[in-house]
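To be precise, the following lines are protein12.cif, and they hold mmCIF, C-alpha atoms and all ligand atoms.
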data_structure
#
loop_
_atom_site.group_PDB
_atom_site.id
_atom_site.type_symbol
_atom_site.label_atom_id
_atom_site.label_comp_id
_atom_site.auth_asym_id
_atom_site.auth_seq_id
_atom_site.Cartn_x
_atom_site.Cartn_y
_atom_site.Cartn_z
ATOM 1 C CA MET H 206 21.030 -3.856 -3.581
ATOM 2 C CA ARG H 207 17.695 -2.008 -3.494
ATOM 3 C CA HIS H 208 15.227 -1.290 -0.689
ATOM 4 C CA PHE H 209 11.488 -0.720 -1.162
ATOM 5 C CA LEU H 210 10.741 2.160 1.209
ATOM 6 C CA THR H 211 8.634 4.381 -1.047
ATOM 7 C CA LEU H 212 7.585 4.282 -4.714
ATOM 8 C CA GLN H 213 9.469 7.538 -5.113
ATOM 9 C CA ASP H 214 12.728 5.564 -5.438
ATOM 10 C CA PHE H 215 11.374 3.556 -8.393
ATOM 11 C CA THR H 216 11.027 4.408 -12.065
ATOM 12 C CA LYS H 217 7.844 3.790 -14.000
ATOM 13 C CA GLU H 218 9.615 0.980 -15.860
ATOM 14 C CA GLU H 219 10.670 -0.688 -12.605
ATOM 15 C CA ILE H 220 7.145 -0.492 -11.162
ATOM 16 C CA LEU H 221 5.715 -2.024 -14.342
ATOM 17 C CA GLU H 222 8.405 -4.717 -14.334
ATOM 18 C CA ILE H 223 7.457 -5.734 -10.760
ATOM 19 C CA ILE H 224 3.784 -5.846 -11.804
ATOM 20 C CA ASP H 225 4.647 -8.041 -14.808
ATOM 21 C CA ILE H 226 6.597 -10.477 -12.608
ATOM 22 C CA SER H 227 3.677 -10.526 -10.149
ATOM 23 C CA LEU H 228 1.106 -11.273 -12.854
ATOM 24 C CA ASP H 229 3.307 -14.112 -14.067
ATOM 25 C CA ILE H 230 3.727 -15.503 -10.548
ATOM 26 C CA LYS H 231 -0.050 -15.382 -10.073
ATOM 27 C CA LYS H 232 -0.647 -17.221 -13.356
ATOM 28 C CA ASN H 233 1.841 -19.915 -12.337
ATOM 29 C CA LEU H 234 0.268 -20.333 -8.913
ATOM 30 C CA LYS H 235 -3.182 -20.773 -10.463
ATOM 31 C CA SER H 236 -1.661 -23.588 -12.581
ATOM 32 C CA LYS H 237 -0.057 -25.025 -9.437
ATOM 33 C CA ILE H 238 3.451 -24.168 -10.656
ATOM 34 C CA TYR H 239 5.579 -23.244 -7.648
ATOM 35 C CA LYS H 240 8.960 -21.828 -8.588
ATOM 36 C CA LYS H 241 11.143 -21.896 -5.490
ATOM 37 C CA GLU H 242 12.837 -18.624 -6.357
ATOM 38 C CA LEU H 243 13.714 -17.741 -2.761
ATOM 39 C CA GLU H 244 14.632 -21.214 -1.558
ATOM 40 C CA ASN H 245 16.360 -21.269 1.831
ATOM 41 C CA GLN H 246 15.853 -17.527 2.278
ATOM 42 C CA THR H 247 14.334 -15.988 5.389
ATOM 43 C CA LEU H 248 12.203 -12.862 5.528
ATOM 44 C CA ALA H 249 12.107 -11.121 8.908
ATOM 45 C CA MET H 250 8.792 -9.299 9.438
ATOM 46 C CA ILE H 251 8.803 -6.614 12.133
ATOM 47 C CA PHE H 252 5.328 -5.466 13.120
ATOM 48 C CA GLU H 253 4.837 -2.446 15.363
ATOM 49 C CA LYS H 254 1.166 -2.188 14.278
ATOM 50 C CA SER H 255 -1.618 -4.734 13.656
ATOM 51 C CA SER H 256 -2.077 -6.510 10.353
ATOM 52 C CA THR H 257 -4.141 -9.209 8.688
ATOM 53 C CA ARG H 258 -3.318 -8.945 4.975
ATOM 54 C CA THR H 259 0.299 -7.851 5.160
ATOM 55 C CA ARG H 260 1.300 -10.576 7.550
ATOM 56 C CA VAL H 261 -0.614 -13.376 5.833
ATOM 57 C CA SER H 262 0.500 -12.374 2.329
ATOM 58 C CA PHE H 263 4.192 -12.006 3.139
ATOM 59 C CA GLU H 264 4.318 -15.178 5.210
ATOM 60 C CA THR H 265 2.392 -17.265 2.671
ATOM 61 C CA GLY H 266 4.272 -15.713 -0.231
ATOM 62 C CA MET H 267 7.619 -16.535 1.291
ATOM 63 C CA SER H 268 6.644 -20.151 1.900
ATOM 64 C CA GLN H 269 5.337 -20.510 -1.684
ATOM 65 C CA LEU H 270 8.688 -19.212 -2.939
ATOM 66 C CA GLY H 271 10.516 -21.885 -0.966
ATOM 67 C CA GLY H 272 11.616 -19.595 1.848
ATOM 68 C CA HIS H 273 10.592 -18.913 5.410
ATOM 69 C CA ALA H 274 9.120 -15.875 7.188
ATOM 70 C CA LEU H 275 9.707 -14.846 10.792
ATOM 71 C CA PHE H 276 6.991 -12.854 12.555
ATOM 72 C CA LEU H 277 8.591 -10.419 15.001
ATOM 73 C CA SER H 278 6.262 -8.281 17.066
ATOM 74 C CA ASN H 279 7.846 -5.303 18.795
ATOM 75 C CA ARG H 280 6.320 -6.644 21.995
ATOM 76 C CA ASP H 281 8.648 -9.622 21.724
ATOM 77 C CA ILE H 282 11.916 -8.271 20.359
ATOM 78 C CA HIS H 283 14.306 -5.903 22.090
ATOM 79 C CA LEU H 284 13.548 -3.111 19.613
ATOM 80 C CA GLY H 285 10.383 -2.490 21.636
ATOM 81 C CA ARG H 286 12.471 -2.224 24.830
ATOM 82 C CA GLY H 287 14.857 0.339 23.454
ATOM 83 C CA GLU H 288 17.539 -1.582 21.566
ATOM 84 C CA PRO H 289 18.725 0.910 18.931
ATOM 85 C CA ILE H 290 17.319 0.494 15.415
ATOM 86 C CA LYS H 291 20.817 0.420 13.973
ATOM 87 C CA ASP H 292 21.828 -2.508 16.183
ATOM 88 C CA THR H 293 18.629 -4.437 15.456
ATOM 89 C CA ALA H 294 19.216 -3.829 11.741
ATOM 90 C CA ARG H 295 22.784 -5.106 11.860
ATOM 91 C CA VAL H 296 21.825 -8.236 13.791
ATOM 92 C CA ILE H 297 18.716 -9.204 11.824
ATOM 93 C CA SER H 298 20.325 -8.500 8.452
ATOM 94 C CA SER H 299 23.295 -10.678 9.361
ATOM 95 C CA MET H 300 20.959 -13.687 9.674
ATOM 96 C CA CYS H 301 18.005 -12.990 7.369
ATOM 97 C CA ASP H 302 17.846 -12.341 3.624
ATOM 98 C CA MET H 303 15.152 -9.650 3.548
ATOM 99 C CA VAL H 304 13.296 -7.561 6.109
ATOM 100 C CA MET H 305 9.747 -6.196 6.029
ATOM 101 C CA ILE H 306 8.774 -3.536 8.553
ATOM 102 C CA ARG H 307 5.409 -2.077 9.560
ATOM 103 C CA THR H 308 5.901 0.884 11.843
ATOM 104 C CA PHE H 309 4.973 4.494 12.621
ATOM 105 C CA GLU H 310 7.677 6.898 11.427
ATOM 106 C CA GLN H 311 9.069 6.630 7.907
ATOM 107 C CA SER H 312 12.414 7.675 9.422
ATOM 108 C CA MET H 313 12.495 4.390 11.387
ATOM 109 C CA ILE H 314 12.609 2.239 8.239
ATOM 110 C CA GLU H 315 15.051 4.649 6.617
ATOM 111 C CA GLU H 316 17.373 4.299 9.614
ATOM 112 C CA PHE H 317 16.949 0.517 9.557
ATOM 113 C CA ALA H 318 17.721 0.382 5.813
ATOM 114 C CA LYS H 319 20.838 2.474 6.316
ATOM 115 C CA PHE H 320 22.304 -0.205 8.569
ATOM 116 C CA SER H 321 20.818 -3.265 6.863
ATOM 117 C CA LYS H 322 22.913 -5.553 4.696
ATOM 118 C CA VAL H 323 19.750 -6.911 3.041
ATOM 119 C CA PRO H 324 16.742 -5.327 1.254
ATOM 120 C CA VAL H 325 14.183 -3.635 3.505
ATOM 121 C CA ILE H 326 10.506 -3.458 2.475
ATOM 122 C CA ASN H 327 8.022 -0.895 3.789
ATOM 123 C CA GLY H 328 4.956 -2.825 4.988
ATOM 124 C CA LEU H 329 3.235 0.464 5.991
ATOM 125 C CA THR H 330 4.338 3.558 7.846
ATOM 126 C CA ASP H 331 2.407 6.666 8.854
ATOM 127 C CA SER H 332 3.592 8.219 5.574
ATOM 128 C CA PHE H 333 3.328 5.477 2.941
ATOM 129 C CA HIS H 334 1.902 2.059 2.100
ATOM 130 C CA PRO H 335 3.726 1.236 -1.162
ATOM 131 C CA VAL H 336 3.191 -2.552 -1.231
ATOM 132 C CA GLN H 337 -0.559 -1.926 -1.195
ATOM 133 C CA LEU H 338 -0.239 0.254 -4.284
ATOM 134 C CA LEU H 339 1.544 -2.529 -6.178
ATOM 135 C CA ALA H 340 -1.480 -4.759 -5.529
ATOM 136 C CA ASP H 341 -3.911 -1.950 -6.386
ATOM 137 C CA TYR H 342 -2.277 -1.179 -9.707
ATOM 138 C CA MET H 343 -1.933 -4.889 -10.526
ATOM 139 C CA THR H 344 -5.686 -5.230 -9.947
ATOM 140 C CA LEU H 345 -6.437 -2.371 -12.334
ATOM 141 C CA VAL H 346 -4.229 -4.045 -14.962
ATOM 142 C CA GLU H 347 -6.152 -7.313 -14.513
ATOM 143 C CA TYR H 348 -9.480 -5.516 -14.824
ATOM 144 C CA GLU H 349 -8.243 -3.743 -17.968
ATOM 145 C CA SER H 350 -8.690 -0.441 -16.160
ATOM 146 C CA SER H 351 -5.096 0.769 -16.078
ATOM 147 C CA GLU H 352 -5.257 2.939 -19.221
ATOM 148 C CA ASP H 353 -6.233 6.620 -18.902
ATOM 149 C CA ILE H 354 -6.873 6.355 -15.181
ATOM 150 C CA VAL H 355 -8.774 9.195 -13.547
ATOM 151 C CA CYS H 356 -8.687 8.245 -9.884
ATOM 152 C CA ALA H 357 -10.679 9.870 -7.096
ATOM 153 C CA TYR H 358 -9.427 9.354 -3.543
ATOM 154 C CA ILE H 359 -12.092 10.262 -0.975
ATOM 155 C CA GLY H 360 -11.364 10.640 2.724
ATOM 156 C CA ASP H 361 -8.383 11.092 4.990
ATOM 157 C CA GLY H 362 -5.076 12.452 3.674
ATOM 158 C CA ASN H 363 -2.989 9.546 4.943
ATOM 159 C CA ASN H 364 -0.370 6.922 4.044
ATOM 160 C CA MET H 365 -2.614 5.467 1.317
ATOM 161 C CA THR H 366 -3.271 8.889 -0.218
ATOM 162 C CA HIS H 367 0.449 9.670 -0.229
ATOM 163 C CA SER H 368 1.250 6.419 -1.991
ATOM 164 C CA TRP H 369 -1.501 7.037 -4.559
ATOM 165 C CA MET H 370 0.053 10.471 -5.167
ATOM 166 C CA ILE H 371 3.479 9.000 -5.835
ATOM 167 C CA LEU H 372 2.063 6.232 -8.044
ATOM 168 C CA ALA H 373 0.066 8.749 -10.107
ATOM 169 C CA ALA H 374 3.106 10.993 -10.385
ATOM 170 C CA LYS H 375 5.321 8.131 -11.545
ATOM 171 C CA LEU H 376 2.885 6.519 -13.957
ATOM 172 C CA GLY H 377 1.390 9.772 -15.240
ATOM 173 C CA PHE H 378 -2.323 9.508 -14.486
ATOM 174 C CA GLU H 379 -4.896 11.878 -12.989
ATOM 175 C CA LEU H 380 -5.554 11.776 -9.247
ATOM 176 C CA ARG H 381 -8.115 13.958 -7.496
ATOM 177 C CA ILE H 382 -7.974 13.936 -3.726
ATOM 178 C CA ALA H 383 -10.931 15.109 -1.655
ATOM 179 C CA THR H 384 -10.370 15.435 2.087
ATOM 180 C CA PRO H 385 -12.141 17.412 4.793
ATOM 181 C CA LYS H 386 -10.455 20.683 5.768
ATOM 182 C CA GLY H 387 -7.700 20.008 8.273
ATOM 183 C CA TYR H 388 -7.158 16.434 7.035
ATOM 184 C CA GLU H 389 -5.269 17.239 3.848
ATOM 185 C CA VAL H 390 -2.248 15.317 2.589
ATOM 186 C CA ASP H 391 1.243 16.134 3.825
ATOM 187 C CA GLU H 392 2.371 19.314 2.076
ATOM 188 C CA ASN H 393 5.978 18.137 1.552
ATOM 189 C CA ILE H 394 4.903 14.864 -0.038
ATOM 190 C CA LEU H 395 2.429 16.772 -2.225
ATOM 191 C CA GLN H 396 5.209 19.054 -3.456
ATOM 192 C CA VAL H 397 7.383 16.032 -4.285
ATOM 193 C CA ALA H 398 4.488 14.432 -6.175
ATOM 194 C CA LEU H 399 3.737 17.649 -8.068
ATOM 195 C CA LEU H 400 7.381 17.933 -9.091
ATOM 196 C CA LEU H 401 7.432 14.323 -10.322
ATOM 197 C CA ALA H 402 4.104 14.888 -12.073
ATOM 198 C CA LYS H 403 5.686 17.606 -14.228
ATOM 199 C CA GLU H 404 7.965 14.969 -15.744
ATOM 200 C CA SER H 405 5.307 12.278 -16.242
ATOM 201 C CA GLY H 406 2.373 14.457 -17.247
ATOM 202 C CA ALA H 407 0.326 13.359 -14.231
ATOM 203 C CA VAL H 408 -2.411 15.638 -12.932
ATOM 204 C CA ILE H 409 -2.749 15.756 -9.139
ATOM 205 C CA LYS H 410 -5.469 17.925 -7.633
ATOM 206 C CA THR H 411 -6.482 18.378 -4.016
ATOM 207 C CA MET H 412 -9.929 19.626 -2.991
ATOM 208 C CA HIS H 413 -12.561 19.434 -0.271
ATOM 209 C CA ASP H 414 -15.597 18.428 -2.334
ATOM 210 C CA PRO H 415 -15.873 14.643 -2.810
ATOM 211 C CA CYS H 416 -18.507 15.030 -5.554
ATOM 212 C CA GLU H 417 -16.176 17.237 -7.592
ATOM 213 C CA ALA H 418 -13.406 14.628 -7.213
ATOM 214 C CA VAL H 419 -15.585 11.688 -8.226
ATOM 215 C CA LYS H 420 -17.178 13.334 -11.296
ATOM 216 C CA GLY H 421 -16.248 11.179 -14.312
ATOM 217 C CA ALA H 422 -13.607 9.190 -12.398
ATOM 218 C CA SER H 423 -12.709 5.730 -13.707
ATOM 219 C CA VAL H 424 -11.387 4.574 -10.324
ATOM 220 C CA VAL H 425 -12.709 5.566 -6.901
ATOM 221 C CA THR H 426 -10.802 4.685 -3.758
ATOM 222 C CA THR H 427 -11.063 5.349 -0.072
ATOM 223 C CA ASP H 428 -9.575 4.210 3.222
ATOM 224 C CA THR H 429 -10.417 4.270 6.900
ATOM 225 C CA TRP H 430 -10.984 7.699 8.426
ATOM 226 C CA THR H 431 -9.010 6.614 11.479
ATOM 227 C CA SER H 432 -5.622 5.103 10.710
ATOM 228 C CA MET H 433 -3.668 3.007 13.159
ATOM 229 C CA GLY H 434 -2.190 5.239 15.828
ATOM 230 C CA LYS H 435 -5.059 7.774 15.602
ATOM 231 C CA GLU H 436 -7.659 5.758 17.514
ATOM 232 C CA GLU H 437 -8.165 8.515 20.106
ATOM 233 C CA GLU H 438 -9.445 10.843 17.367
ATOM 234 C CA LYS H 439 -12.032 8.353 16.091
ATOM 235 C CA GLU H 440 -15.184 10.003 17.460
ATOM 236 C CA ASP H 441 -14.173 13.492 16.256
ATOM 237 C CA ARG H 442 -13.264 12.134 12.861
ATOM 238 C CA ILE H 443 -16.620 10.387 12.425
ATOM 239 C CA ASN H 444 -18.311 13.784 12.796
ATOM 240 C CA ILE H 445 -15.859 15.722 10.663
ATOM 241 C CA PHE H 446 -15.784 13.186 7.810
ATOM 242 C CA LYS H 447 -19.582 13.021 7.403
ATOM 243 C CA GLY H 448 -20.253 13.635 3.727
ATOM 244 C CA PHE H 449 -17.148 11.734 2.663
ATOM 245 C CA MET H 450 -18.769 8.283 2.649
ATOM 246 C CA VAL H 451 -18.473 6.543 -0.714
ATOM 247 C CA ASN H 452 -22.012 5.380 -1.460
ATOM 248 C CA ASP H 453 -24.173 4.639 -4.491
ATOM 249 C CA LYS H 454 -25.100 8.305 -4.890
ATOM 250 C CA MET H 455 -21.438 9.253 -5.077
ATOM 251 C CA MET H 456 -20.554 6.351 -7.385
ATOM 252 C CA LEU H 457 -23.293 7.523 -9.790
ATOM 253 C CA LEU H 458 -21.199 10.635 -10.440
ATOM 254 C CA ALA H 459 -18.243 8.510 -11.515
ATOM 255 C CA LYS H 460 -17.821 6.985 -14.962
ATOM 256 C CA LYS H 461 -20.156 4.120 -15.767
ATOM 257 C CA ASP H 462 -18.410 0.889 -14.658
ATOM 258 C CA ALA H 463 -15.980 2.843 -12.460
ATOM 259 C CA LYS H 464 -13.925 0.568 -10.233
ATOM 260 C CA LEU H 465 -13.971 0.927 -6.460
ATOM 261 C CA LEU H 466 -10.805 -0.030 -4.599
ATOM 262 C CA HIS H 467 -10.283 -0.282 -0.842
ATOM 263 C CA CYS H 468 -7.082 -1.468 0.819
ATOM 264 C CA LEU H 469 -9.096 -2.932 3.734
ATOM 265 C CA PRO H 470 -9.993 -3.187 6.552
ATOM 266 C CA ALA H 471 -13.218 -1.401 5.534
ATOM 267 C CA TYR H 472 -15.548 0.288 8.001
ATOM 268 C CA ARG H 473 -19.048 0.098 6.575
ATOM 269 C CA GLY H 474 -21.304 3.039 7.284
ATOM 270 C CA LEU H 475 -18.238 5.259 7.624
ATOM 271 C CA GLU H 476 -15.869 5.655 4.642
ATOM 272 C CA VAL H 477 -18.007 3.327 2.490
ATOM 273 C CA SER H 478 -21.630 2.214 2.637
ATOM 274 C CA GLU H 479 -22.395 -1.454 3.126
ATOM 275 C CA LYS H 480 -24.310 -1.607 -0.175
ATOM 276 C CA THR H 481 -21.630 0.062 -2.292
ATOM 277 C CA PHE H 482 -18.920 -2.038 -0.696
ATOM 278 C CA GLU H 483 -20.754 -5.288 -1.409
ATOM 279 C CA GLU H 484 -21.540 -4.229 -4.980
ATOM 280 C CA HIS H 485 -17.808 -3.847 -5.593
ATOM 281 C CA SER H 486 -16.624 -6.655 -3.340
ATOM 282 C CA LYS H 487 -15.343 -8.828 -6.211
ATOM 283 C CA ILE H 488 -12.641 -6.364 -7.244
ATOM 284 C CA ILE H 489 -11.909 -5.359 -3.635
ATOM 285 C CA PHE H 490 -11.185 -8.934 -2.587
ATOM 286 C CA ASP H 491 -9.180 -9.559 -5.771
ATOM 287 C CA GLU H 492 -7.194 -6.480 -4.742
ATOM 288 C CA ALA H 493 -6.641 -8.026 -1.303
ATOM 289 C CA GLU H 494 -5.557 -11.349 -2.823
ATOM 290 C CA ASN H 495 -3.160 -9.506 -5.104
ATOM 291 C CA ARG H 496 -1.179 -8.460 -2.039
ATOM 292 C CA LEU H 497 0.146 -12.028 -2.062
ATOM 293 C CA HIS H 498 1.121 -12.053 -5.739
ATOM 294 C CA ALA H 499 2.456 -8.482 -5.883
ATOM 295 C CA GLN H 500 4.685 -8.951 -2.844
ATOM 296 C CA LYS H 501 6.033 -12.227 -4.203
ATOM 297 C CA GLY H 502 6.840 -10.331 -7.401
ATOM 298 C CA LEU H 503 8.494 -7.584 -5.389
ATOM 299 C CA MET H 504 10.629 -9.990 -3.332
ATOM 300 C CA VAL H 505 11.748 -11.882 -6.444
ATOM 301 C CA TRP H 506 12.607 -8.560 -8.129
ATOM 302 C CA LEU H 507 14.540 -7.285 -5.090
ATOM 303 C CA ASP H 508 16.424 -10.557 -4.857
ATOM 304 C CA LYS H 509 17.550 -10.170 -8.496
ATOM 305 C CA GLN H 510 19.003 -6.700 -7.798
ATOM 306 C CA ARG H 511 21.754 -7.834 -5.446
HETATM 307 N N1 LIG H 601 -4.357 -3.338 3.665
HETATM 308 C C1 LIG H 601 -3.553 -3.785 4.634
HETATM 309 O O1 LIG H 601 -2.359 -3.471 4.690
HETATM 310 O O2 LIG H 601 -4.130 -4.622 5.505
HETATM 311 P P1 LIG H 601 -3.540 -5.120 6.904
HETATM 312 O O3 LIG H 601 -3.473 -3.927 7.810
HETATM 313 O O4 LIG H 601 -4.509 -6.158 7.368
HETATM 314 O O5 LIG H 601 -2.169 -5.698 6.681
HETATM 315 N N1 LIG H 602 -4.484 4.101 6.546
HETATM 316 C C1 LIG H 602 -4.632 2.823 7.182
HETATM 317 C C2 LIG H 602 -4.259 1.716 6.261
HETATM 318 C C3 LIG H 602 -4.483 0.331 6.798
HETATM 319 C C4 LIG H 602 -4.024 -0.732 5.869
HETATM 320 C C5 LIG H 602 -3.790 2.777 8.445
HETATM 321 O O1 LIG H 602 -2.651 3.267 8.431
HETATM 322 O O2 LIG H 602 -4.270 2.279 9.465
#

Show this structure as structure tokens.
Amino acid sequence: MRHFLTLQDFTKEEILEIIDISLDIKKNLKSKIYKKELENQTLAMIFEKSSTRTRVSFETGMSQLGGHALFLSNRDIHLGRGEPIKDTARVISSMCDMVMIRTFEQSMIEEFAKFSKVPVINGLTDSFHPVQLLADYMTLVEYESSEDIVCAYIGDGNNMTHSWMILAAKLGFELRIATPKGYEVDENILQVALLLAKESGAVIKTMHDPCEAVKGASVVTTDTWTSMGKEEEKEDRINIFKGFMVNDKMMLLAKKDAKLLHCLPAYRGLEVSEKTFEEHSKIIFDEAENRLHAQKGLMVWLDKQR
């Protein structure tokens, strides 16, 4: 049995296999072919943070696969009142077939997985957002932009940045990360990524100049400056991150036809300008839709591993 807690635990071949399954599932859905590959299965979804895409995609995906999804907010279950993670894990995994968790600490999902009898999927933690990266990479494959990637990540060194680092390190592409001083990526995760990059030939660079990062990039990506849980820092961050907005001027430095990705929700006038966002909205909303297909692919793949 496998869990999906971080891309670090997956080989390049496994990541590409999940993407292939996902592309196939998407093709079938567009032809109205519904394969009930998870019939009678239940996915428990524990949310300790807000979500639009993750909830809708997992719930819809599960129903399209012939299964059922349970939405469990920590305001409603005993986990939020202090029931130990290990007890919650043993109970839920005795009744459900898979569990998806969105929470704060990565250690919470690791603890849950340790006591779970069924696969656990990371639906976002403070450290990583690996399901988003499956959708992002799938989108680049669809747009024929997955060869010789030079990706520029502009903004906050956060869960998205960390997952981009691990993806680059596994698949062997170039990633340049530009953050303001004091908002760099986690040093331990960077060291892990750099170590993995030695094996794959990936190039991972961190810097503070967004223009330097974007120069000649084939993919540009950004994310909110204020992640969930950091709301109190919002005003300070808006001042500190000035100069890190992805706009037309910045995109002009990238390769002609460079793709802009954004995991959403997007805050126009902050990490991305309204105009640049709308110019690239086709690929960004395809990326959002691919959450559905990529997570169906992931669940089908995980189910086959038991
Ligand atoms: N990108 C993403 O995970 O969106 P939600 O927070 O809406 O789930
Ligand atoms: N970095 C963002 C991603 C939202 C999908 C957050 O954690 O809030």

As a ChimeraX atom specification, please: the residues near H:Tyr358 (cut-off 9 Å, all atoms listed in the file, same-chain neighbours under 6 positions excluded). /H:366,369,380-384,415,418-419,424-428

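Neighbouring residues of H:Arg496 at 8 Å or closer, counting all atoms listed in the file and skipping chain neighbours under 2 positions away, are Arg258, Thr259, Ser262, Val336, Gln337, Leu339, Ala340, Glu492, Ala493, Glu494, His498, Ala499 and Gln500 of chain H.
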
Using all atoms listed in the file, the best pick from H:Thr265, H:Asn364, H:Ser256, H:Thr481 as closest to H:Thr429 would be H:Asn364

Using the file's own x, y and z axes, what box holds all listed atoms of ligand LIG 602 (chain H) with 5 Å on each side, keeping edges along x, y and z, and what are its centre and edge lengths in Å to one decimal, as lines of an AutoDock Vina configuration file?
center_x = -3.6
center_y = 1.7
center_z = 7.7
size_x = 12.0
size_y = 14.8
size_z = 13.6

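Between H:Ala471 and the residues H:Thr431, H:Asn495, H:Phe446, H:Ile314, the shortest atom-to-atom distance, using only C-alpha atoms, involves H:Thr431.
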
Distance limit 10 Å, reference ligand LIG 602 (chain H), atoms considered: all atoms listed in the file. Which residues make the cut? Give them as an mmCIF file with C-alpha atoms, in the frame of the given file.
data_model
loop_
_atom_site.group_PDB
_atom_site.id
_atom_site.type_symbol
_atom_site.label_atom_id
_atom_site.label_comp_id
_atom_site.auth_asym_id
_atom_site.auth_seq_id
_atom_site.Cartn_x
_atom_site.Cartn_y
_atom_site.Cartn_z
ATOM 1 C CA LYS H 254 1.166 -2.188 14.278
ATOM 2 C CA SER H 255 -1.618 -4.734 13.656
ATOM 3 C CA SER H 256 -2.077 -6.510 10.353
ATOM 4 C CA THR H 257 -4.141 -9.209 8.688
ATOM 5 C CA ARG H 258 -3.318 -8.945 4.975
ATOM 6 C CA THR H 259 0.299 -7.851 5.160
ATOM 7 C CA ARG H 307 5.409 -2.077 9.560
ATOM 8 C CA THR H 308 5.901 0.884 11.843
ATOM 9 C CA PHE H 309 4.973 4.494 12.621
ATOM 10 C CA GLY H 328 4.956 -2.825 4.988
ATOM 11 C CA LEU H 329 3.235 0.464 5.991
ATOM 12 C CA THR H 330 4.338 3.558 7.846
ATOM 13 C CA ASP H 331 2.407 6.666 8.854
ATOM 14 C CA SER H 332 3.592 8.219 5.574
ATOM 15 C CA PHE H 333 3.328 5.477 2.941
ATOM 16 C CA HIS H 334 1.902 2.059 2.100
ATOM 17 C CA GLN H 337 -0.559 -1.926 -1.195
ATOM 18 C CA ASP H 361 -8.383 11.092 4.990
ATOM 19 C CA GLY H 362 -5.076 12.452 3.674
ATOM 20 C CA ASN H 363 -2.989 9.546 4.943
ATOM 21 C CA ASN H 364 -0.370 6.922 4.044
ATOM 22 C CA MET H 365 -2.614 5.467 1.317
ATOM 23 C CA THR H 366 -3.271 8.889 -0.218
ATOM 24 C CA THR H 427 -11.063 5.349 -0.072
ATOM 25 C CA ASP H 428 -9.575 4.210 3.222
ATOM 26 C CA THR H 429 -10.417 4.270 6.900
ATOM 27 C CA TRP H 430 -10.984 7.699 8.426
ATOM 28 C CA THR H 431 -9.010 6.614 11.479
ATOM 29 C CA SER H 432 -5.622 5.103 10.710
ATOM 30 C CA MET H 433 -3.668 3.007 13.159
ATOM 31 C CA GLY H 434 -2.190 5.239 15.828
ATOM 32 C CA LYS H 435 -5.059 7.774 15.602
ATOM 33 C CA GLU H 436 -7.659 5.758 17.514
ATOM 34 C CA HIS H 467 -10.283 -0.282 -0.842
ATOM 35 C CA CYS H 468 -7.082 -1.468 0.819
ATOM 36 C CA LEU H 469 -9.096 -2.932 3.734
ATOM 37 C CA PRO H 470 -9.993 -3.187 6.552
ATOM 38 C CA ALA H 471 -13.218 -1.401 5.534
#

Given all atoms listed in the file as the counted atoms, nearest of H:Asp229, H:Glu315, H:Glu244, H:Asp341 to ligand LIG 601 (chain H): H:Asp341

Residues in the PyMOL selection byres (((chain H and resi 270) around 6) and not hetatm), expressed as a ChimeraX atom specification: /H:241-243,267-269,271-272

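Distance check against ligand LIG 601 (chain H) using all atoms listed in the file: of H:His367, H:Arg260, H:Lys217, H:Lys231, the minimum falls on H:Arg260.
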
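Using all atoms listed in the file, the smallest distance between any of H:Met504, H:Ile238, H:Met206, H:Ile306 and ligand LIG 601 (chain H) comes from H:Ile306.
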
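Take the candidates H:Ile445, H:Leu376, H:Ile489, H:Cys356 and check each one against H:Glu219 using all atoms listed in the file; the shortest distance goes to H:Leu376.
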
Write out as JSON, numbers by chain each polymer residue whose atoms come within 12 Å of H:Lys232, counting only C-alpha atoms; drop sequence neighbours fewer than 4 positions from it. {"H": [225, 226, 227, 228, 236, 237, 238, 239, 240, 347, 495, 498, 499, 502]}
